[in-house]
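Below: the structure, in structure tokens.
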Amino acid sequence: MNYNEILASARDQIGPYCKACPVCNGRACGNIMPGPGSKVPGNTAARNYDKWQEIFVNMDTLCPNADIDTSFELFGKKFSAPIFIAPLGALPMHYGDKHNDITYNRILVPAAANYGICALTGDGVDPAVMQNAAKDMAAIGGIGIPTIKPWNKEFVFEKLDILNELGIFAAAMDVDGAGLPFLKAMNPNAGSKSVDEMRDIINYAKMPFMIKGIMTPKGALKAVEAGADAIVVSNHGGRVQGNVPSTAEVLPEIVDAVKGQIKIFVDGGIRSGVDVFKAIAMGADAVLIGRPVVPFIYAAGEEGFRVYMDKIVKELRDTMAMCGTPSIGDISRDNIWISK
């Protein structure tokens, strides 16, 4: 099946909240879909998408006719494109009961690795979700990044024990989930982490560590101070806190603040290879894409994933060629124009 056929098929296999829209822009599900639909006023996911559309690329074809190389390196490993898959959770609630978190990750993790990229997986109240995702990663050489909720430190250490033992490539924590009710209800307390607490967690991990949910230069510098290897500029699509700026709006000042001390991913509203190019031009090392992948896996499993990724990577390659940037490292802020 091709891209449009798979997307059409997904509409019969997903729901009731997700509509498998032609463009996942947060409008059809805003204030309707639990979690991804955005917290009141329900505009954050849509703002994420809209702000990327206010950035334009500068064409430059007076350049050598070079082969395009989309590969990039992270933590000593080479990947085929700077596009990783964002962590998602509570799949039956958000997208329908064809898959649960465990069965979805069982398709996603090897599909991403086979494509030459990497999947981040979610966490939740059921510890089996992260445990099974880690086993799926271990079966393919450890490639994957489990994303741990900001539980209390003791519980985080228990989860890291599993990842350390299995030799997982990297770990992450989505600190922007600190306001989730099930975290607030924990005893001992869970939720927000001080720099010292975060440093203890990172030191306990025996693999590179990413902090997801950074939205300010101050937060980024705290992540650097805590010893993180990478950050993800992310507002959780407005799931926990509504009425926040888009990730595209805050990315440049975060890049300027950290001055290359840490790898930077950006997540939120990136829906095309052209958007990926814009994010790299603004200083991100790589991007995360999450929600748009789900309908393709629900409809066609790993084939659906490959078809989706082929589209995004082709768009990125075409944009790189038209902008005179044959490699990811050639892309810079000179390659974009931002609407005032």
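We name chains A, B, ... following the order of the structure tokens; residues begin at 1 in each chain, and ligands are numbered from 1 as shown.
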Going by DSSP on the backbone, which residues of stretch 141-212 of chain A come out as strand (DSSP E)? List them as a ChimeraX atom specification.
/A:145-148,171-174,209-212
Extract, using only C-alpha atoms, all DNA, RNA and protein residues at most 12 Å from A:Gly283, discarding same-chain residues fewer than 5 positions from it, and format them as a VMD selection string.
chain A and resid 233 248 250 to 260 262 to 266 276 to 278 328 to 336
I'd like the neighbourhood of A:Leu163 as JSON, numbers by chain, where a residue qualifies if any of its atoms comes within 12 Å (using only C-alpha atoms), though same-chain residues fewer than 3 positions away should be ignored.
{"A": [130, 131, 132, 133, 134, 135, 136, 137, 138, 142, 143, 144, 145, 146, 147, 148, 156, 157, 158, 159, 160, 166, 167, 168, 169, 170, 171, 172, 204, 205, 206, 207, 208, 209]}
Could you pull out the residues in stretch 18-108 of chain A that DSSP calls helix (DSSP H, G or I) from the backbone, as a ChimeraX atom specification?
/A:44-52,91-95,101-108
Output for the residues just chosen: C-alpha atoms as an mmCIF file, in the first residue's frame:
data_model
loop_
_atom_site.group_PDB
_atom_site.id
_atom_site.type_symbol
_atom_site.label_atom_id
_atom_site.label_comp_id
_atom_site.auth_asym_id
_atom_site.auth_seq_id
_atom_site.Cartn_x
_atom_site.Cartn_y
_atom_site.Cartn_z
ATOM 1 C CA THR A 44 -0.746 24.098 22.185
ATOM 2 C CA ALA A 45 -0.578 21.224 19.704
ATOM 3 C CA ALA A 46 -2.021 23.461 16.977
ATOM 4 C CA ARG A 47 0.400 26.259 17.834
ATOM 5 C CA ASN A 48 3.317 23.828 17.595
ATOM 6 C CA TYR A 49 2.272 22.975 14.043
ATOM 7 C CA ASP A 50 1.423 26.538 12.983
ATOM 8 C CA LYS A 51 4.726 28.077 14.064
ATOM 9 C CA TRP A 52 6.770 25.661 11.936
ATOM 10 C CA LEU A 91 -2.402 3.949 23.338
ATOM 11 C CA PRO A 92 -5.848 2.321 23.838
ATOM 12 C CA MET A 93 -7.208 5.473 25.510
ATOM 13 C CA HIS A 94 -5.859 7.839 22.875
ATOM 14 C CA TYR A 95 -5.908 5.832 19.645
ATOM 15 C CA ASP A 101 1.479 0.147 24.753
ATOM 16 C CA ILE A 102 3.297 -3.187 24.783
ATOM 17 C CA THR A 103 2.104 -4.430 21.375
ATOM 18 C CA TYR A 104 2.654 -1.007 19.781
ATOM 19 C CA ASN A 105 6.232 -0.810 21.070
ATOM 20 C CA ARG A 106 6.840 -4.381 19.912
ATOM 21 C CA ILE A 107 6.242 -3.183 16.340
ATOM 22 C CA LEU A 108 7.777 0.271 16.692
#
To one decimal place, how far is atom CA of A:Arg11 from atom CA of A:Ala299 in Å?
8.3 Å
